[in-house]
$ cat upload-v8.cif   # mmCIF, C-alpha atoms
data_structure
loop_
_atom_site.label_atom_id
_atom_site.label_comp_id
_atom_site.auth_asym_id
_atom_site.auth_seq_id
_atom_site.Cartn_x
_atom_site.Cartn_y
_atom_site.Cartn_z
CA MET A 1 -17.22 5.02 20.23
CA VAL A 2 -17.47 2.36 17.57
CA PRO A 3 -19.31 3.77 14.53
CA PRO A 4 -22.20 1.93 12.81
CA GLU A 5 -19.86 1.07 9.92
CA LEU A 6 -17.77 -1.22 12.13
CA ASP A 7 -18.82 -4.45 13.74
CA GLU A 8 -16.18 -5.43 16.29
CA GLY A 9 -16.34 -9.19 15.86
CA LEU A 10 -14.49 -11.91 17.73
CA PRO A 11 -10.86 -11.66 18.84
CA LEU A 12 -8.18 -13.37 16.75
CA GLU A 13 -7.72 -16.18 19.30
CA LYS A 14 -11.15 -17.49 18.26
CA VAL A 15 -9.74 -18.59 14.91
CA LYS A 16 -9.20 -22.07 16.37
CA ASP A 17 -12.93 -22.47 17.11
CA PHE A 18 -13.83 -22.49 13.40
CA SER A 19 -13.21 -24.78 10.46
CA LEU A 20 -11.17 -23.62 7.49
CA GLU A 21 -14.35 -23.53 5.43
CA GLU A 22 -15.94 -21.18 7.96
CA LEU A 23 -12.83 -19.00 8.16
CA LEU A 24 -12.70 -18.63 4.39
CA GLY A 25 -16.40 -17.76 4.41
CA MET A 26 -15.67 -15.06 6.99
CA ALA A 27 -12.76 -13.76 4.93
CA ILE A 28 -14.90 -13.52 1.79
CA LYS A 29 -17.65 -11.78 3.74
CA ALA A 30 -15.12 -9.34 5.20
CA GLU A 31 -13.74 -8.50 1.73
CA ILE A 32 -17.26 -7.86 0.45
CA GLY A 33 -17.97 -5.65 3.47
CA ALA A 34 -14.72 -3.74 3.01
CA ARG A 35 -15.42 -3.18 -0.70
CA LYS A 36 -18.91 -1.81 0.02
CA PHE A 37 -17.56 0.32 2.85
CA TYR A 38 -14.91 1.91 0.61
CA GLN A 39 -17.33 2.36 -2.29
CA SER A 40 -19.90 4.12 -0.11
CA LEU A 41 -17.19 6.18 1.59
CA ALA A 42 -15.74 7.28 -1.77
CA GLU A 43 -19.21 8.45 -2.87
CA ARG A 44 -19.30 10.75 0.15
CA ILE A 45 -15.86 12.28 -0.30
CA GLU A 46 -15.36 15.39 -2.39
CA VAL A 47 -11.57 15.78 -2.35
CA GLU A 48 -10.70 14.13 -5.64
CA SER A 49 -7.33 12.64 -4.67
CA LEU A 50 -8.76 11.01 -1.55
CA LYS A 51 -11.86 9.78 -3.41
CA GLU A 52 -9.61 8.10 -5.98
CA LYS A 53 -7.52 6.44 -3.31
CA ILE A 54 -10.58 5.07 -1.54
CA GLU A 55 -12.05 3.85 -4.85
CA TRP A 56 -8.76 2.10 -5.51
CA LEU A 57 -9.02 0.33 -2.16
CA ALA A 58 -12.57 -0.78 -3.05
CA GLY A 59 -11.27 -2.29 -6.30
CA GLU A 60 -8.47 -4.10 -4.47
CA GLU A 61 -10.88 -5.68 -2.00
CA GLY A 62 -13.01 -6.83 -4.93
CA LYS A 63 -9.97 -8.61 -6.38
CA HIS A 64 -9.24 -10.26 -3.03
CA GLU A 65 -12.81 -11.54 -2.88
CA ALA A 66 -12.35 -13.12 -6.32
CA LEU A 67 -9.05 -14.75 -5.28
CA LEU A 68 -10.60 -16.15 -2.11
CA ARG A 69 -13.63 -17.48 -3.98
CA LYS A 70 -11.28 -19.23 -6.40
CA MET A 71 -9.38 -20.82 -3.51
CA TYR A 72 -12.64 -21.80 -1.80
CA GLU A 73 -13.88 -23.42 -5.00
CA SER A 74 -10.62 -25.38 -5.36
CA MET A 75 -10.92 -26.65 -1.77
CA PHE A 76 -14.67 -27.25 -1.61
CA PRO A 77 -15.62 -27.80 -5.24
CA GLY A 78 -19.25 -27.34 -6.15
CA LYS A 79 -20.25 -26.07 -2.71
CA GLY A 80 -21.65 -22.57 -2.41
CA VAL A 81 -19.71 -20.37 -0.02
CA PHE A 82 -20.91 -20.80 3.55
CA PHE A 83 -21.00 -17.48 5.41
CA PRO A 84 -20.98 -17.95 9.19
CA LYS A 85 -22.84 -15.31 11.15
CA GLU A 86 -19.80 -14.74 13.38
CA HIS A 87 -16.62 -13.14 12.16
CA ILE A 88 -13.10 -12.68 13.44
CA GLY A 89 -11.90 -9.11 13.84
CA PRO A 90 -13.68 -5.89 12.87
CA GLU A 91 -15.95 -6.03 9.86
CA LEU A 92 -16.58 -2.93 7.77
CA LYS A 93 -20.10 -2.10 6.59
CA PRO A 94 -21.41 0.38 4.02
CA VAL A 95 -21.53 4.03 5.03
CA ALA A 96 -25.25 4.80 4.98
CA ARG A 97 -25.23 8.26 6.56
CA GLU A 98 -24.20 11.72 5.47
CA LEU A 99 -20.71 12.73 6.53
CA HIS A 100 -20.78 16.29 7.80
CA SER A 101 -17.16 17.13 8.38
CA ALA A 102 -13.57 16.21 7.75
CA GLN A 103 -13.66 14.79 11.26
CA ASP A 104 -16.31 12.22 10.23
CA ILE A 105 -14.05 11.04 7.39
CA ILE A 106 -10.98 10.98 9.64
CA GLU A 107 -12.81 8.82 12.18
CA LEU A 108 -13.90 6.31 9.54
CA ILE A 109 -10.40 6.09 8.13
CA ARG A 110 -9.08 5.41 11.61
CA TRP A 111 -11.49 2.49 11.97
CA ALA A 112 -10.68 1.22 8.50
CA MET A 113 -6.99 1.20 9.51
CA ARG A 114 -7.89 -0.97 12.46
CA ALA A 115 -9.92 -3.34 10.29
CA GLU A 116 -7.07 -3.62 7.74
CA GLU A 117 -4.50 -4.25 10.44
CA ILE A 118 -6.49 -7.06 11.99
CA ALA A 119 -7.40 -8.49 8.57
CA ALA A 120 -3.63 -8.77 7.92
CA HIS A 121 -3.27 -10.81 11.12
CA PHE A 122 -6.35 -12.88 10.31
CA TYR A 123 -4.75 -14.01 7.03
CA GLU A 124 -1.56 -14.85 8.91
CA GLU A 125 -3.64 -17.11 11.17
CA ILE A 126 -5.26 -18.82 8.19
CA GLU A 127 -1.79 -19.27 6.69
CA LYS A 128 -0.90 -21.45 9.68
CA ILE A 129 -3.93 -23.65 9.11
CA VAL A 130 -3.83 -24.28 5.35
CA GLU A 131 -1.49 -27.07 4.38
CA THR A 132 -0.21 -26.58 0.86
CA ASP A 133 2.49 -24.12 -0.17
CA ASP A 134 0.33 -22.38 -2.74
CA ARG A 135 -2.44 -21.69 -0.23
CA LYS A 136 0.03 -20.47 2.38
CA ARG A 137 1.49 -18.20 -0.28
CA LEU A 138 -1.90 -16.77 -1.14
CA MET A 139 -2.58 -16.02 2.53
CA ARG A 140 0.77 -14.20 2.79
CA TYR A 141 -0.16 -12.25 -0.33
CA LEU A 142 -3.47 -11.15 1.16
CA SER A 143 -1.85 -10.35 4.51
CA ASP A 144 0.79 -8.15 2.87
CA MET A 145 -1.80 -6.42 0.70
CA GLU A 146 -3.84 -5.51 3.78
CA LYS A 147 -0.67 -4.22 5.44
CA GLY A 148 -0.14 -2.07 2.36
CA HIS A 149 -3.69 -0.74 2.74
CA TYR A 150 -3.06 -0.03 6.40
CA TYR A 151 -0.05 2.18 5.59
CA THR A 152 -1.82 3.86 2.68
CA LEU A 153 -4.68 4.77 5.02
CA ARG A 154 -2.31 5.81 7.80
CA ALA A 155 -0.57 8.18 5.39
CA GLU A 156 -3.87 9.84 4.45
CA TYR A 157 -5.03 9.88 8.06
CA GLU A 158 -1.92 11.66 9.24
CA LEU A 159 -2.27 14.37 6.61
CA LEU A 160 -6.05 14.71 7.04
CA LEU A 161 -5.50 15.71 10.66
CA ASP A 162 -4.33 19.05 9.29
CA TRP A 163 -7.25 19.68 6.97
CA GLU A 164 -6.09 23.10 5.84
CA MET A 165 -2.75 21.72 4.75
CA TYR A 166 -4.40 18.66 3.20
CA SER A 167 -6.70 20.64 0.95
CA GLN A 168 -3.81 22.91 0.00
CA MET A 169 -1.32 20.14 -0.74
CA MET A 170 -3.76 17.85 -2.48
CA HIS A 171 -4.67 20.36 -5.13
CA VAL A 172 -1.27 19.99 -6.72
CA GLY A 173 -1.27 18.85 -10.30
CA PRO A 174 0.09 15.50 -11.43
CA MET B 1 24.33 -8.74 -7.82
CA VAL B 2 22.98 -5.22 -8.00
CA PRO B 3 21.15 -4.73 -11.31
CA PRO B 4 21.77 -1.70 -13.58
CA GLU B 5 18.38 -0.30 -12.48
CA LEU B 6 19.59 0.26 -8.94
CA ASP B 7 22.25 2.66 -7.76
CA GLU B 8 23.14 1.81 -4.18
CA GLY B 9 23.79 5.34 -2.90
CA LEU B 10 24.98 6.47 0.50
CA PRO B 11 23.88 4.90 3.79
CA LEU B 12 21.17 6.63 5.83
CA GLU B 13 23.68 7.93 8.42
CA LYS B 14 24.99 10.32 5.77
CA VAL B 15 21.78 12.36 6.00
CA LYS B 16 23.52 14.64 8.50
CA ASP B 17 26.20 15.60 5.96
CA PHE B 18 23.69 17.38 3.73
CA SER B 19 21.52 20.48 3.98
CA LEU B 20 17.75 20.22 3.95
CA GLU B 21 17.76 21.77 0.49
CA GLU B 22 20.09 19.04 -0.76
CA LEU B 23 18.06 16.29 0.93
CA LEU B 24 14.84 17.52 -0.67
CA GLY B 25 16.61 17.66 -4.02
CA MET B 26 17.68 14.04 -3.50
CA ALA B 27 14.15 13.05 -2.54
CA ILE B 28 12.66 14.68 -5.66
CA LYS B 29 15.31 13.00 -7.83
CA ALA B 30 14.54 9.65 -6.20
CA GLU B 31 10.80 10.03 -6.85
CA ILE B 32 11.48 10.87 -10.50
CA GLY B 33 13.77 7.84 -10.76
CA ALA B 34 11.21 5.57 -9.14
CA ARG B 35 8.43 6.80 -11.45
CA LYS B 36 10.54 6.15 -14.56
CA PHE B 37 11.60 2.77 -13.21
CA TYR B 38 7.99 1.68 -12.63
CA GLN B 39 6.81 3.09 -15.97
CA SER B 40 9.53 1.27 -17.90
CA LEU B 41 8.97 -1.91 -15.88
CA ALA B 42 5.21 -1.80 -16.55
CA GLU B 43 5.87 -1.53 -20.29
CA ARG B 44 7.83 -4.78 -20.10
CA ILE B 45 5.25 -6.77 -18.15
CA GLU B 46 2.53 -8.73 -19.90
CA VAL B 47 0.45 -10.00 -16.98
CA GLU B 48 -2.28 -7.38 -16.92
CA SER B 49 -2.91 -7.31 -13.16
CA LEU B 50 0.77 -6.85 -12.37
CA LYS B 51 1.20 -4.26 -15.11
CA GLU B 52 -1.67 -2.24 -13.62
CA LYS B 53 -0.21 -2.41 -10.14
CA ILE B 54 3.20 -1.21 -11.33
CA GLU B 55 1.58 1.59 -13.35
CA TRP B 56 -0.30 2.60 -10.22
CA LEU B 57 3.00 2.80 -8.32
CA ALA B 58 4.42 5.01 -11.10
CA GLY B 59 1.46 7.37 -10.72
CA GLU B 60 1.90 7.52 -6.95
CA GLU B 61 5.57 8.44 -7.24
CA GLY B 62 4.60 11.19 -9.67
CA LYS B 63 2.25 12.63 -7.04
CA HIS B 64 4.97 12.48 -4.40
CA GLU B 65 7.31 14.40 -6.70
CA ALA B 66 4.65 17.12 -7.05
CA LEU B 67 4.14 17.31 -3.26
CA LEU B 68 7.87 17.57 -2.64
CA ARG B 69 8.28 20.26 -5.31
CA LYS B 70 5.49 22.23 -3.64
CA MET B 71 7.20 21.96 -0.27
CA TYR B 72 10.56 22.88 -1.79
CA GLU B 73 9.02 25.94 -3.43
CA SER B 74 7.48 27.01 -0.10
CA MET B 75 10.85 26.70 1.64
CA PHE B 76 13.12 28.05 -1.07
CA PRO B 77 10.82 30.29 -3.09
CA GLY B 78 11.89 31.16 -6.60
CA LYS B 79 14.89 28.84 -6.55
CA GLY B 80 15.06 26.00 -9.02
CA VAL B 81 15.42 22.59 -7.40
CA PHE B 82 19.06 21.76 -6.75
CA PHE B 83 19.81 18.11 -7.46
CA PRO B 84 22.98 16.91 -5.69
CA LYS B 85 24.92 14.25 -7.51
CA GLU B 86 24.95 12.07 -4.38
CA HIS B 87 21.90 10.40 -2.98
CA ILE B 88 20.95 8.61 0.19
CA GLY B 89 19.77 5.02 -0.16
CA PRO B 90 19.15 3.05 -3.35
CA GLU B 91 17.95 4.99 -6.36
CA LEU B 92 15.87 3.31 -9.04
CA LYS B 93 16.59 3.93 -12.71
CA PRO B 94 14.61 3.15 -15.87
CA VAL B 95 14.61 -0.44 -17.09
CA ALA B 96 16.36 -0.19 -20.44
CA ARG B 97 16.80 -3.89 -21.24
CA GLU B 98 14.52 -6.69 -22.32
CA LEU B 99 13.26 -8.87 -19.49
CA HIS B 100 13.45 -12.49 -20.52
CA SER B 101 11.81 -14.36 -17.70
CA ALA B 102 9.59 -14.14 -14.65
CA GLN B 103 12.85 -14.37 -12.70
CA ASP B 104 14.02 -11.04 -14.18
CA ILE B 105 10.81 -9.37 -13.01
CA ILE B 106 11.01 -11.00 -9.59
CA GLU B 107 14.57 -9.73 -9.12
CA LEU B 108 13.62 -6.17 -10.04
CA ILE B 109 10.67 -6.23 -7.68
CA ARG B 110 12.94 -7.41 -4.90
CA TRP B 111 15.24 -4.42 -5.49
CA ALA B 112 12.30 -2.06 -5.71
CA MET B 113 11.14 -3.36 -2.30
CA ARG B 114 14.55 -2.49 -0.92
CA ALA B 115 14.44 1.00 -2.43
CA GLU B 116 10.92 1.63 -1.05
CA GLU B 117 11.89 0.42 2.40
CA ILE B 118 14.91 2.71 2.60
CA ALA B 119 12.95 5.61 1.09
CA ALA B 120 10.49 5.23 3.99
CA HIS B 121 13.38 5.56 6.44
CA PHE B 122 14.87 8.46 4.48
CA TYR B 123 11.64 10.45 4.91
CA GLU B 124 11.66 9.61 8.62
CA GLU B 125 15.15 11.14 8.80
CA ILE B 126 14.01 14.29 7.01
CA GLU B 127 11.05 14.48 9.40
CA LYS B 128 13.54 14.89 12.25
CA ILE B 129 15.22 17.80 10.49
CA VAL B 130 12.27 19.91 9.31
CA GLU B 131 10.90 22.19 11.98
CA THR B 132 7.26 22.93 11.38
CA ASP B 133 4.40 20.55 12.11
CA ASP B 134 3.03 20.63 8.58
CA ARG B 135 6.37 19.65 7.07
CA LYS B 136 6.89 16.89 9.62
CA ARG B 137 3.39 15.67 8.77
CA LEU B 138 4.16 15.61 5.06
CA MET B 139 7.31 13.57 5.70
CA ARG B 140 5.30 11.06 7.74
CA TYR B 141 2.78 10.90 4.90
CA LEU B 142 5.49 10.10 2.36
CA SER B 143 7.15 7.61 4.70
CA ASP B 144 3.89 5.73 5.24
CA MET B 145 3.09 5.75 1.53
CA GLU B 146 6.46 4.16 0.76
CA LYS B 147 5.81 1.57 3.45
CA GLY B 148 2.50 0.87 1.72
CA HIS B 149 4.38 0.40 -1.56
CA TYR B 150 6.82 -1.92 0.15
CA TYR B 151 4.04 -4.24 1.32
CA THR B 152 2.21 -4.06 -2.01
CA LEU B 153 5.42 -5.14 -3.75
CA ARG B 154 6.16 -7.79 -1.14
CA ALA B 155 2.69 -9.28 -1.71
CA GLU B 156 3.29 -9.54 -5.47
CA TYR B 157 6.83 -10.81 -4.95
CA GLU B 158 5.67 -13.61 -2.70
CA LEU B 159 3.08 -14.80 -5.20
CA LEU B 160 5.36 -14.36 -8.22
CA LEU B 161 7.76 -16.89 -6.73
CA ASP B 162 5.21 -19.51 -7.76
CA TRP B 163 4.74 -18.38 -11.32
CA GLU B 164 2.37 -21.18 -12.27
CA MET B 165 0.05 -20.30 -9.43
CA TYR B 166 0.41 -16.59 -10.11
CA SER B 167 -0.67 -16.81 -13.73
CA GLN B 168 -3.51 -19.11 -12.74
CA MET B 169 -4.78 -16.98 -9.83
CA MET B 170 -4.35 -13.65 -11.56
CA HIS B 171 -6.60 -14.51 -14.44
CA VAL B 172 -9.61 -14.38 -12.16
CA GLY B 173 -12.25 -11.88 -13.13
CA PRO B 174 -13.33 -9.06 -10.85
#

$ encode --input "upload-v8.cif" --output "structure tokens"
Amino acid sequence: MVPPELDEGLPLEKVKDFSLEELLGMAIKAEIGARKFYQSLAERIEVESLKEKIEWLAGEEGKHEALLRKMYESMFPGKGVFFPKEHIGPELKPVARELHSAQDIIELIRWAMRAEEIAAHFYEEIEKIVETDDRKRLMRYLSDMEKGHYYTLRAEYELLLDWEMYSQMMHVGP
Amino acid sequence: MVPPELDEGLPLEKVKDFSLEELLGMAIKAEIGARKFYQSLAERIEVESLKEKIEWLAGEEGKHEALLRKMYESMFPGKGVFFPKEHIGPELKPVARELHSAQDIIELIRWAMRAEEIAAHFYEEIEKIVETDDRKRLMRYLSDMEKGHYYTLRAEYELLLDWEMYSQMMHVGP
């Protein structure tokens, strides 16, 4: 079951139905959503090492938003960002409910992995559309960063499945 | 040309020539080497956003060392860690020289990517050897984390290749 923090969105093939301006608007919106999701998730997590990792992800998404806004401004100078109501791929939303168990956290991390994985592919699709080398490069950067997030989350996910071990291992000092 | 910060080491197939105790000793040594490499590299980098990312990697490797030491202690209680002189895959060493150009940094990041990629495979090999579920899980955790590092580095590498763009994009505020 898809949780309230994830909006499934359109499949990747729909990229071709939108203009670059719209796609960038979607990307910026997705980064904002991801940042708020991770921030709200971190607030609900007590295990310090995991909280820190999720806060780190929130900060990263904030930086991506800034990079995308800068690119948007260079391509559409003076225009405010246009946010289409549709979006490609899953979109993360803030966690507004109490999380009652490790299982709740595990489920959300699993969905976040899915969102990160598809975000990586979304940037690869935009890379094909933008024309200059520097913009292609920036899309590859964002795609690789999201892949990095995916593996970081997958690592935590795998260990969280054995909660007893997780809490034992994660109380090690630096 | 292999830089002084990278010791090539033995190919992955050699894993079978060593005991688990030796392999864990190699893994701990590699994490220590990677931490010192990233710390010394961060000290030599002036671009704040890149410096922070490299410092973050150093901190992560420090945590991996602690996890591995905990596992080692649980498997070989009371024994000090045995560090074999050989090691599997590339081993990173501290950066002891001045870096004169962006190109020097780019080269080191490329080698670090290689070391992270092979470290991920090294942990996959150890996963096959350890017998209990919790230890297999920990090896998958470490393997995925190193894959995450690989993509994080690849993202930076890709953008660093266009230094003018990098310095321009990376001065964006949060």

$ interface_residues --input "upload-v8.cif" --of "chain A" --to "chain B" --cutoff "9 Å" --atoms "all atoms listed in the file" --output "PyMOL selection string"
chain A and resi 59+62-67+70-71+134+137-138+140-159+162+165+169-170+172-174

$ resolve_selection --input "upload-v8.cif" --expression "the PyMOL selection byres ((chain B and resi 78-95) around 10)" --output "NGL selection string"
:B and (3-15 or 18 or 21-44 or 69 or 72-77 or 96-99 or 108 or 111-112 or 114-119 or 121-122)

$ atom_distance --input "upload-v8.cif" --atom1 "atom CA of Glu55 of chain A" --atom2 "atom CA of Gln168 of chain A"
21.3 Å

$ atom_distance --input "upload-v8.cif" --atom1 "atom CA of Val2 of chain A" --atom2 "atom CA of Lys16 of chain A"
25.8 Å

$ atom_distance --input "upload-v8.cif" --atom1 "atom CA of Val130 of chain B" --atom2 "atom CA of Leu57 of chain B"
26.3 Å

$ closest_residue --input "upload-v8.cif" --among "B:Ile54, B:Ser19, B:Glu46, B:Tyr123" --to "Ile109 of chain B" --atoms "all atoms listed in the file"
B:Ile54

$ closest_residue --input "upload-v8.cif" --among "A:Lys51, A:Ala102, A:Leu20, A:Glu107" --to "Met1 of chain A" --atoms "only C-alpha atoms"
A:Glu107

$ calpha_fit_and_write --input "upload-v8.cif" --fixed "chain B" --moving "chain A" --output "short mmCIF file (atom, residue, chain, number, x, y, z; two decimals) with C-alpha atoms, keeping the file's coordinate frame"
data_model
loop_
_atom_site.label_atom_id
_atom_site.label_comp_id
_atom_site.auth_asym_id
_atom_site.auth_seq_id
_atom_site.Cartn_x
_atom_site.Cartn_y
_atom_site.Cartn_z
CA MET A 1 24.37 -8.72 -7.82
CA VAL A 2 22.99 -5.22 -7.99
CA PRO A 3 21.16 -4.73 -11.31
CA PRO A 4 21.75 -1.70 -13.58
CA GLU A 5 18.37 -0.30 -12.50
CA LEU A 6 19.61 0.27 -8.94
CA ASP A 7 22.25 2.67 -7.78
CA GLU A 8 23.15 1.82 -4.19
CA GLY A 9 23.80 5.32 -2.91
CA LEU A 10 24.99 6.47 0.49
CA PRO A 11 23.89 4.90 3.78
CA LEU A 12 21.18 6.63 5.82
CA GLU A 13 23.69 7.90 8.42
CA LYS A 14 24.99 10.31 5.76
CA VAL A 15 21.79 12.34 6.01
CA LYS A 16 23.53 14.64 8.50
CA ASP A 17 26.21 15.58 5.95
CA PHE A 18 23.69 17.38 3.72
CA SER A 19 21.53 20.47 3.98
CA LEU A 20 17.75 20.21 3.94
CA GLU A 21 17.75 21.76 0.49
CA GLU A 22 20.08 19.03 -0.76
CA LEU A 23 18.06 16.29 0.92
CA LEU A 24 14.84 17.52 -0.66
CA GLY A 25 16.62 17.65 -4.02
CA MET A 26 17.67 14.02 -3.51
CA ALA A 27 14.14 13.05 -2.54
CA ILE A 28 12.67 14.68 -5.65
CA LYS A 29 15.30 13.00 -7.82
CA ALA A 30 14.54 9.64 -6.20
CA GLU A 31 10.79 10.03 -6.85
CA ILE A 32 11.47 10.86 -10.49
CA GLY A 33 13.76 7.83 -10.77
CA ALA A 34 11.20 5.57 -9.12
CA ARG A 35 8.43 6.81 -11.44
CA LYS A 36 10.54 6.15 -14.55
CA PHE A 37 11.60 2.78 -13.20
CA TYR A 38 7.98 1.68 -12.63
CA GLN A 39 6.81 3.10 -15.96
CA SER A 40 9.52 1.26 -17.90
CA LEU A 41 8.96 -1.91 -15.88
CA ALA A 42 5.20 -1.81 -16.53
CA GLU A 43 5.87 -1.53 -20.29
CA ARG A 44 7.81 -4.79 -20.10
CA ILE A 45 5.24 -6.77 -18.13
CA GLU A 46 2.53 -8.73 -19.89
CA VAL A 47 0.44 -10.01 -16.96
CA GLU A 48 -2.29 -7.39 -16.90
CA SER A 49 -2.94 -7.31 -13.15
CA LEU A 50 0.75 -6.85 -12.35
CA LYS A 51 1.19 -4.25 -15.11
CA GLU A 52 -1.68 -2.24 -13.62
CA LYS A 53 -0.23 -2.42 -10.14
CA ILE A 54 3.17 -1.22 -11.33
CA GLU A 55 1.56 1.59 -13.35
CA TRP A 56 -0.30 2.60 -10.22
CA LEU A 57 2.98 2.80 -8.32
CA ALA A 58 4.42 5.01 -11.09
CA GLY A 59 1.46 7.38 -10.73
CA GLU A 60 1.89 7.51 -6.95
CA GLU A 61 5.56 8.44 -7.23
CA GLY A 62 4.60 11.20 -9.67
CA LYS A 63 2.23 12.62 -7.05
CA HIS A 64 4.96 12.48 -4.40
CA GLU A 65 7.29 14.40 -6.69
CA ALA A 66 4.64 17.12 -7.06
CA LEU A 67 4.12 17.31 -3.27
CA LEU A 68 7.85 17.57 -2.65
CA ARG A 69 8.28 20.26 -5.31
CA LYS A 70 5.48 22.24 -3.65
CA MET A 71 7.20 21.95 -0.27
CA TYR A 72 10.56 22.88 -1.80
CA GLU A 73 9.02 25.94 -3.43
CA SER A 74 7.47 27.02 -0.11
CA MET A 75 10.84 26.69 1.65
CA PHE A 76 13.12 28.05 -1.08
CA PRO A 77 10.81 30.29 -3.09
CA GLY A 78 11.90 31.15 -6.60
CA LYS A 79 14.91 28.84 -6.54
CA GLY A 80 15.06 25.99 -9.03
CA VAL A 81 15.43 22.59 -7.41
CA PHE A 82 19.06 21.76 -6.75
CA PHE A 83 19.82 18.10 -7.46
CA PRO A 84 22.98 16.91 -5.70
CA LYS A 85 24.93 14.23 -7.53
CA GLU A 86 24.98 12.06 -4.39
CA HIS A 87 21.90 10.40 -2.98
CA ILE A 88 20.95 8.61 0.20
CA GLY A 89 19.77 5.03 -0.17
CA PRO A 90 19.16 3.05 -3.36
CA GLU A 91 17.96 4.99 -6.37
CA LEU A 92 15.85 3.31 -9.03
CA LYS A 93 16.57 3.93 -12.72
CA PRO A 94 14.58 3.16 -15.87
CA VAL A 95 14.58 -0.42 -17.09
CA ALA A 96 16.34 -0.17 -20.45
CA ARG A 97 16.77 -3.87 -21.25
CA GLU A 98 14.50 -6.68 -22.31
CA LEU A 99 13.25 -8.86 -19.47
CA HIS A 100 13.46 -12.49 -20.51
CA SER A 101 11.80 -14.34 -17.69
CA ALA A 102 9.60 -14.15 -14.65
CA GLN A 103 12.83 -14.36 -12.70
CA ASP A 104 14.03 -11.04 -14.19
CA ILE A 105 10.81 -9.36 -13.01
CA ILE A 106 11.01 -11.00 -9.58
CA GLU A 107 14.57 -9.73 -9.12
CA LEU A 108 13.62 -6.16 -10.03
CA ILE A 109 10.66 -6.23 -7.67
CA ARG A 110 12.95 -7.41 -4.90
CA TRP A 111 15.23 -4.43 -5.48
CA ALA A 112 12.29 -2.06 -5.70
CA MET A 113 11.15 -3.36 -2.29
CA ARG A 114 14.55 -2.48 -0.90
CA ALA A 115 14.44 0.99 -2.44
CA GLU A 116 10.93 1.62 -1.05
CA GLU A 117 11.90 0.41 2.40
CA ILE A 118 14.90 2.70 2.60
CA ALA A 119 12.95 5.61 1.07
CA ALA A 120 10.49 5.21 3.98
CA HIS A 121 13.38 5.57 6.44
CA PHE A 122 14.87 8.46 4.48
CA TYR A 123 11.63 10.44 4.92
CA GLU A 124 11.66 9.61 8.62
CA GLU A 125 15.15 11.14 8.81
CA ILE A 126 14.01 14.28 7.00
CA GLU A 127 11.05 14.47 9.39
CA LYS A 128 13.53 14.90 12.25
CA ILE A 129 15.21 17.80 10.48
CA VAL A 130 12.26 19.90 9.30
CA GLU A 131 10.91 22.18 11.97
CA THR A 132 7.25 22.93 11.37
CA ASP A 133 4.38 20.55 12.11
CA ASP A 134 3.03 20.64 8.58
CA ARG A 135 6.37 19.65 7.06
CA LYS A 136 6.88 16.89 9.61
CA ARG A 137 3.39 15.67 8.76
CA LEU A 138 4.16 15.60 5.06
CA MET A 139 7.31 13.56 5.69
CA ARG A 140 5.30 11.05 7.74
CA TYR A 141 2.79 10.88 4.90
CA LEU A 142 5.50 10.10 2.36
CA SER A 143 7.15 7.60 4.70
CA ASP A 144 3.89 5.72 5.25
CA MET A 145 3.09 5.75 1.54
CA GLU A 146 6.45 4.16 0.76
CA LYS A 147 5.80 1.56 3.46
CA GLY A 148 2.49 0.85 1.73
CA HIS A 149 4.37 0.39 -1.55
CA TYR A 150 6.83 -1.93 0.15
CA TYR A 151 4.04 -4.25 1.33
CA THR A 152 2.21 -4.06 -2.00
CA LEU A 153 5.41 -5.15 -3.74
CA ARG A 154 6.15 -7.80 -1.13
CA ALA A 155 2.70 -9.28 -1.70
CA GLU A 156 3.29 -9.54 -5.45
CA TYR A 157 6.83 -10.81 -4.94
CA GLU A 158 5.70 -13.62 -2.69
CA LEU A 159 3.09 -14.80 -5.18
CA LEU A 160 5.38 -14.36 -8.21
CA LEU A 161 7.77 -16.89 -6.71
CA ASP A 162 5.23 -19.52 -7.73
CA TRP A 163 4.75 -18.38 -11.31
CA GLU A 164 2.39 -21.18 -12.26
CA MET A 165 0.06 -20.32 -9.42
CA TYR A 166 0.43 -16.60 -10.10
CA SER A 167 -0.65 -16.82 -13.72
CA GLN A 168 -3.51 -19.11 -12.71
CA MET A 169 -4.77 -16.98 -9.83
CA MET A 170 -4.32 -13.66 -11.56
CA HIS A 171 -6.60 -14.52 -14.43
CA VAL A 172 -9.61 -14.35 -12.16
CA GLY A 173 -12.23 -11.85 -13.14
CA PRO A 174 -13.06 -8.77 -11.09
#

$ closest_residue --input "upload-v8.cif" --among "A:Ile105, A:Ala120, A:Ala58, A:Ile126" --to "Ile45 of chain A" --atoms "only C-alpha atoms"
A:Ile105
